[in-house]
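> Got a structure for you, written out below as structure tokens; questions coming shortly.
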Amino acid sequence: MSAALDSLLDLLDLEQIERDIFRGTSRSAVVPRVFGGQVAAQALVAAGRTVPADRAAHSLHAYFLRAGDPGAPIVYSVDRIRDGRSFTTRRVVAVQHGQPIFHLSASFQTYEDGLEHQADMPASPDPETLPTAAEMLPRYADRFSDPGMVDRLIEARAAVDLRYVDAPPFGTVGEAREPRSQVWFRTNGKLADDPLLHVCMATYVSDMTLLDSVLLAHGRGGWAVGDVVGASLDHAMWFHRPFRADEWLLYDQESPSASGGRGLGQARIHTADGRLAITVIQEGVVRVPRGPAAG
């Protein structure tokens with residue numbers, strides 16, 4: 001296991017300070033706020049720790065309310081909304097400096113048989129043939145005004161092996177493309193067999209690239225380039241079938257719409273053997289800044 005993955009696992013191992021109250025810390029991010037995927041993953045950890053082990057997470061719906069302060073702890077308060085025969089519902093509010101910064105509702109279900117079908121996995125190259133972040137990012141160093149950006153991006157993704165199928169948004173600045181993006185990802189090391197851990201890890205990664213397809217449609221390079229500003233607004237995930245986050249997962253993303261300063265991304269995550277594991281939808285603020293950076 002890499003040191004970066006070990007650090008991320010420590011981040012997800014929340015401190016329980018009361019029966020339904022947990023506390024987490026943060027790690028450095030590319031932007032000067034708490035990474036949204038971290039807050040979502042930690043909130044799901046908090047919810048999952050109040051649910052019987054035989055009930056797996058099947059969906060989450062979340063809103064990002066305020067930017068998180070990476071220098072302060074985050075307190076997660078869990079409400080036990082419902083414990084039914086088949087389904088369990090939890091609500092989690094993340095608080096910093098006395099104000100809510102994030103709200104999540106999550107549902108868990110006991111295993112049962114039922115009708116079965118799924119969308120086909122799209123074509124994609126073998127992830128082992130694609131460059132790693134450490135190999136790919138230095139190629140685009142001239143796209144960033146901050147000379148330390150490449151190192152920060154590599155550090156932010158050190159716990160996860162994330163590989164773009166095509167050039168990322170900052171690789172084709174000024175060139176509008178089809179609003180679609182694919183990345184393969186897995187953790188940089190093996191994880192324990194706890195299903196909740198794998199779901200939380202996928203939740204963490206799901207916020208990394210989902211709005212890329214919005215940027216591609218307009219030839220924008222993204223937050224690191226500085227030709228857009230924005231943040232995640234809401235996030236929803238449905239977990240359809242068991243998967244392991246330490247094995248290759250294909251994140252197939254597209255954007256059906258952008259308007260009103262907001263962009264919508266939707267995606268499907270398949271296992272390497274073609275099983276549809278997760279569906280993800282996210283909307284975010286995507287604004288073109290005024291001044292030189294917009295050119």
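Going through the structure tokens in order, the chains are called A, B, and so on, while each chain numbers its residues from 1 and the ligands are numbered from 1 in the order shown.
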Residues at most 10 Å from region 283-288 of chain A, counting only C-alpha atoms, excluding those fewer than 4 positions away in the same chain, as a ChimeraX atom specification?
/A:63-64,210-211,214-215,220,222-223,226-236,255,257-266,293-295
> Return as a Markdown table the residues of region 69-178 of chain A lying at most 8 Å from region 272-276 of chain A, together with the closest atom-to-atom pair for each and the distance in Å to one decimal, counting only C-alpha atoms, with rows in chain order and ascending residue number.

```
| residue | atom | partner | partner_atom | distance |
| --- | --- | --- | --- | --- |
| A:Gln118 | CA | A:Leu276 | CA | 6.4 |
| A:Ala119 | CA | A:Leu276 | CA | 7.0 |
| A:Asp120 | CA | A:Gly274 | CA | 7.3 |
| A:Met121 | CA | A:Gly274 | CA | 5.5 |
```
> For the structure I just gave you, how does DSSP split region 100-230 of chain A - specifically, which residues are strand (DSSP E or B)? Reply as a compact mmCIF listing (two decimals) with all heavy atoms, in the first residue's frame.

```
# COMPACT_ATOMS: atom_id res chain seq x y z
N PRO A 100 -23.33 24.56 8.87
CA PRO A 100 -23.33 23.38 8.00
C PRO A 100 -22.63 23.67 6.68
O PRO A 100 -22.87 24.72 6.07
CB PRO A 100 -24.82 23.10 7.79
CG PRO A 100 -25.50 24.40 8.02
CD PRO A 100 -24.68 25.12 9.06
N ILE A 101 -21.75 22.77 6.27
CA ILE A 101 -21.07 22.93 4.99
C ILE A 101 -21.49 21.88 3.97
O ILE A 101 -21.23 22.01 2.77
CB ILE A 101 -19.53 22.88 5.15
CG1 ILE A 101 -19.07 21.49 5.65
CG2 ILE A 101 -19.05 23.98 6.09
CD1 ILE A 101 -17.57 21.28 5.56
N PHE A 102 -22.20 20.83 4.45
CA PHE A 102 -22.53 19.70 3.58
C PHE A 102 -23.68 18.93 4.19
O PHE A 102 -23.77 18.78 5.40
CB PHE A 102 -21.30 18.81 3.43
CG PHE A 102 -21.48 17.59 2.56
CD1 PHE A 102 -21.37 17.67 1.18
CD2 PHE A 102 -21.73 16.34 3.12
CE1 PHE A 102 -21.53 16.55 0.37
CE2 PHE A 102 -21.88 15.21 2.33
CZ PHE A 102 -21.78 15.32 0.95
N HIS A 103 -24.56 18.44 3.32
CA HIS A 103 -25.71 17.65 3.78
C HIS A 103 -25.82 16.42 2.90
O HIS A 103 -25.74 16.50 1.68
CB HIS A 103 -26.99 18.49 3.66
CG HIS A 103 -28.25 17.73 3.95
ND1 HIS A 103 -28.89 16.95 3.01
CD2 HIS A 103 -28.98 17.63 5.09
CE1 HIS A 103 -29.96 16.41 3.55
NE2 HIS A 103 -30.04 16.80 4.80
N LEU A 104 -26.00 15.26 3.52
CA LEU A 104 -26.10 14.00 2.79
C LEU A 104 -27.24 13.16 3.32
O LEU A 104 -27.43 13.06 4.54
CB LEU A 104 -24.78 13.23 2.90
CG LEU A 104 -24.73 11.81 2.31
CD1 LEU A 104 -23.40 11.55 1.61
CD2 LEU A 104 -24.93 10.76 3.40
N SER A 105 -28.00 12.56 2.41
CA SER A 105 -28.95 11.50 2.75
C SER A 105 -28.47 10.23 2.08
O SER A 105 -28.12 10.24 0.89
CB SER A 105 -30.35 11.85 2.25
OG SER A 105 -30.87 12.95 2.95
N ALA A 106 -28.43 9.15 2.82
CA ALA A 106 -27.96 7.87 2.28
C ALA A 106 -28.93 6.77 2.66
O ALA A 106 -29.52 6.79 3.74
CB ALA A 106 -26.56 7.54 2.81
N SER A 107 -29.08 5.80 1.75
CA SER A 107 -29.97 4.67 1.98
C SER A 107 -29.19 3.37 1.87
O SER A 107 -28.30 3.25 1.00
CB SER A 107 -31.12 4.70 0.97
OG SER A 107 -32.05 3.66 1.23
N PHE A 108 -29.51 2.43 2.72
CA PHE A 108 -28.84 1.14 2.79
C PHE A 108 -29.90 0.04 2.68
O PHE A 108 -31.04 0.21 3.13
CB PHE A 108 -28.07 0.99 4.09
CG PHE A 108 -27.02 2.06 4.31
CD1 PHE A 108 -27.39 3.35 4.72
CD2 PHE A 108 -25.67 1.80 4.13
CE1 PHE A 108 -26.44 4.33 4.93
CE2 PHE A 108 -24.71 2.78 4.33
CZ PHE A 108 -25.10 4.05 4.73
N GLN A 109 -29.53 -1.12 2.13
CA GLN A 109 -30.50 -2.18 1.89
C GLN A 109 -29.89 -3.54 2.19
O GLN A 109 -28.71 -3.79 1.91
CB GLN A 109 -30.96 -2.14 0.42
CG GLN A 109 -31.99 -3.20 0.06
CD GLN A 109 -32.25 -3.27 -1.44
OE1 GLN A 109 -31.50 -2.73 -2.24
NE2 GLN A 109 -33.32 -3.95 -1.83
N THR A 110 -30.71 -4.43 2.72
CA THR A 110 -30.29 -5.82 2.85
C THR A 110 -30.26 -6.45 1.46
O THR A 110 -30.98 -6.04 0.56
CB THR A 110 -31.26 -6.61 3.74
OG1 THR A 110 -32.58 -6.52 3.17
CG2 THR A 110 -31.27 -6.07 5.15
N VAL A 160 -4.67 7.42 -5.59
CA VAL A 160 -5.51 6.79 -6.61
C VAL A 160 -4.77 6.79 -7.94
O VAL A 160 -4.21 7.81 -8.35
CB VAL A 160 -6.84 7.56 -6.77
CG1 VAL A 160 -7.71 6.93 -7.85
CG2 VAL A 160 -7.59 7.61 -5.44
N ASP A 161 -4.75 5.64 -8.60
CA ASP A 161 -4.19 5.54 -9.94
C ASP A 161 -5.30 5.89 -10.92
O ASP A 161 -6.21 5.10 -11.18
CB ASP A 161 -3.70 4.11 -10.19
CG ASP A 161 -2.91 3.98 -11.49
OD1 ASP A 161 -2.91 4.93 -12.30
OD2 ASP A 161 -2.30 2.91 -11.71
N LEU A 162 -5.29 7.14 -11.42
CA LEU A 162 -6.34 7.65 -12.29
C LEU A 162 -5.75 7.95 -13.66
O LEU A 162 -4.81 8.74 -13.77
CB LEU A 162 -6.97 8.90 -11.67
CG LEU A 162 -8.23 9.47 -12.32
CD1 LEU A 162 -9.11 10.12 -11.27
CD2 LEU A 162 -7.89 10.48 -13.40
N ARG A 163 -6.28 7.31 -14.71
CA ARG A 163 -5.70 7.41 -16.04
C ARG A 163 -6.75 7.86 -17.05
O ARG A 163 -7.78 7.21 -17.23
CB ARG A 163 -5.10 6.06 -16.46
CG ARG A 163 -4.13 5.50 -15.44
CD ARG A 163 -3.38 4.30 -15.98
NE ARG A 163 -2.55 3.69 -14.94
CZ ARG A 163 -1.59 2.79 -15.18
NH1 ARG A 163 -1.38 2.38 -16.43
NH2 ARG A 163 -0.87 2.29 -14.18
N TYR A 164 -6.46 8.98 -17.72
CA TYR A 164 -7.35 9.51 -18.75
C TYR A 164 -7.22 8.69 -20.03
O TYR A 164 -6.11 8.36 -20.46
CB TYR A 164 -6.99 10.95 -19.06
CG TYR A 164 -7.55 11.97 -18.10
CD1 TYR A 164 -6.86 12.33 -16.94
CD2 TYR A 164 -8.77 12.59 -18.36
CE1 TYR A 164 -7.38 13.27 -16.06
CE2 TYR A 164 -9.28 13.55 -17.48
CZ TYR A 164 -8.60 13.88 -16.35
OH TYR A 164 -9.10 14.80 -15.49
N ARG A 180 -17.72 14.54 -23.50
CA ARG A 180 -17.63 13.18 -22.97
C ARG A 180 -16.18 12.92 -22.56
O ARG A 180 -15.24 13.34 -23.25
CB ARG A 180 -18.08 12.18 -24.02
CG ARG A 180 -18.10 10.75 -23.51
CD ARG A 180 -18.88 9.84 -24.43
NE ARG A 180 -19.01 8.51 -23.83
CZ ARG A 180 -20.05 7.73 -24.00
NH1 ARG A 180 -21.06 8.12 -24.74
NH2 ARG A 180 -20.10 6.53 -23.43
N SER A 181 -16.02 12.21 -21.47
CA SER A 181 -14.68 11.91 -20.95
C SER A 181 -14.68 10.53 -20.30
O SER A 181 -15.68 10.12 -19.70
CB SER A 181 -14.26 12.97 -19.92
OG SER A 181 -13.02 12.65 -19.33
N GLN A 182 -13.58 9.82 -20.44
CA GLN A 182 -13.41 8.53 -19.78
C GLN A 182 -12.11 8.54 -18.98
O GLN A 182 -11.08 9.01 -19.47
CB GLN A 182 -13.35 7.39 -20.79
CG GLN A 182 -14.68 7.00 -21.42
CD GLN A 182 -14.54 5.76 -22.29
OE1 GLN A 182 -13.45 5.38 -22.71
NE2 GLN A 182 -15.66 5.10 -22.57
N VAL A 183 -12.18 8.00 -17.77
CA VAL A 183 -10.98 7.73 -17.00
C VAL A 183 -11.13 6.34 -16.37
O VAL A 183 -12.24 5.89 -16.08
CB VAL A 183 -10.73 8.77 -15.88
CG1 VAL A 183 -10.48 10.15 -16.45
CG2 VAL A 183 -11.87 8.80 -14.88
N TRP A 184 -10.02 5.66 -16.23
CA TRP A 184 -9.94 4.44 -15.44
C TRP A 184 -9.35 4.81 -14.08
O TRP A 184 -8.45 5.66 -13.99
CB TRP A 184 -9.04 3.41 -16.11
CG TRP A 184 -9.62 2.72 -17.30
CD1 TRP A 184 -9.48 3.09 -18.62
CD2 TRP A 184 -10.39 1.51 -17.31
NE1 TRP A 184 -10.12 2.19 -19.43
CE2 TRP A 184 -10.68 1.20 -18.65
CE3 TRP A 184 -10.85 0.65 -16.30
CZ2 TRP A 184 -11.43 0.08 -19.02
CZ3 TRP A 184 -11.58 -0.46 -16.67
CH2 TRP A 184 -11.87 -0.75 -18.01
N PHE A 185 -9.82 4.16 -13.02
CA PHE A 185 -9.21 4.43 -11.72
C PHE A 185 -9.25 3.19 -10.83
O PHE A 185 -10.09 2.30 -10.99
CB PHE A 185 -9.88 5.62 -11.02
CG PHE A 185 -11.26 5.35 -10.47
CD1 PHE A 185 -11.45 4.83 -9.19
CD2 PHE A 185 -12.39 5.64 -11.23
CE1 PHE A 185 -12.72 4.59 -8.68
CE2 PHE A 185 -13.67 5.40 -10.73
CZ PHE A 185 -13.83 4.88 -9.46
N ARG A 186 -8.32 3.17 -9.90
CA ARG A 186 -8.28 2.19 -8.80
C ARG A 186 -7.36 2.77 -7.74
O ARG A 186 -6.55 3.66 -8.02
CB ARG A 186 -7.74 0.83 -9.27
CG ARG A 186 -6.29 0.87 -9.71
CD ARG A 186 -5.80 -0.50 -10.17
NE ARG A 186 -4.42 -0.43 -10.65
CZ ARG A 186 -3.76 -1.44 -11.21
NH1 ARG A 186 -4.37 -2.61 -11.35
NH2 ARG A 186 -2.51 -1.29 -11.60
N THR A 187 -7.47 2.30 -6.52
CA THR A 187 -6.59 2.79 -5.48
C THR A 187 -5.16 2.29 -5.71
O THR A 187 -4.95 1.23 -6.31
CB THR A 187 -7.07 2.34 -4.09
OG1 THR A 187 -7.18 0.91 -4.07
CG2 THR A 187 -8.41 2.96 -3.76
N VAL A 229 -14.17 29.23 -13.04
CA VAL A 229 -14.21 29.11 -11.58
C VAL A 229 -15.49 28.37 -11.24
O VAL A 229 -16.47 28.42 -11.99
CB VAL A 229 -14.18 30.48 -10.86
CG1 VAL A 229 -12.85 31.16 -11.10
CG2 VAL A 229 -15.32 31.36 -11.35
N GLY A 230 -15.48 27.67 -10.14
CA GLY A 230 -16.69 26.95 -9.79
C GLY A 230 -16.49 26.00 -8.64
O GLY A 230 -15.42 25.95 -8.02
```
> Would you mind listing what lies within 9 Å of Ser145 (chain A) as a VMD selection string, with only C-alpha atoms counted and same-chain residues fewer than 4 positions away left out?
chain A and resid 141 149 224 to 226
> Give me the residues within 9 Å of Ser26 (chain A) as number ranges by chain, counting only C-alpha atoms and dropping any in the same chain fewer than 5 places off.
A: 11, 34-35, 38-39, 69-74
> Pick the closest to Asp6 (chain A) from A:Ala245, A:Val165, A:Ala158, A:Ile281: which is it, counting only C-alpha atoms?
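Of A:Ala245, A:Val165, A:Ala158, A:Ile281, the one nearest Asp6 (chain A) is A:Ala158, counting only C-alpha atoms.
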> When distances are computed from only C-alpha atoms, which of A:Val78, A:Glu112, A:Tyr251, A:Pro138 shows the smallest separation from Asp207 (chain A)?
A:Tyr251
> Could you work out how far CA of Ser213 (chain A) lies from CA of Glu254 (chain A), giving the answer in Å with one decimal?
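CA of Ser213 (chain A) lies 5.3 Å from CA of Glu254 (chain A).
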> Using only C-alpha atoms, pick whichever of A:Gly189, A:Pro168, A:Gly148, A:Gly24 has the shortest atom-to-atom distance to Glu247 (chain A).
A:Gly189
> For a test of reading the model, state the distance in Å between CA of Leu153 (chain A) and CA of Leu9 (chain A), rounded to one decimal.
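The value is 19.0 Å.
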> Give the helix (DSSP H, G or I) residues of region 46-280 of chain A, as assigned by DSSP on the backbone, as a PyMOL selection string.
chain A and resi 46-48+127-129+133-143+149-156+169-171+195-209+212-216
> Tell me which of A:Glu178, A:Gly114, A:Leu197, A:Ala62 sits closest to Gly37 (chain A), counting only C-alpha atoms.
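Under the stated criterion, the closest residue is A:Ala62.
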> Can you work out the spacing between CA of Gln96 (chain A) and CA of Ile21 (chain A) in Å, to one decimal?
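So the answer is 13.3 Å.
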> Which neighbours of Phe243 (chain A) fall inside 8 Å, counting only C-alpha atoms, when residues of the same chain fewer than 6 positions from it are skipped, and could you give them as a list of chain:residue names?
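Answer for this query is A:His198, A:Thr271, A:Ala277.
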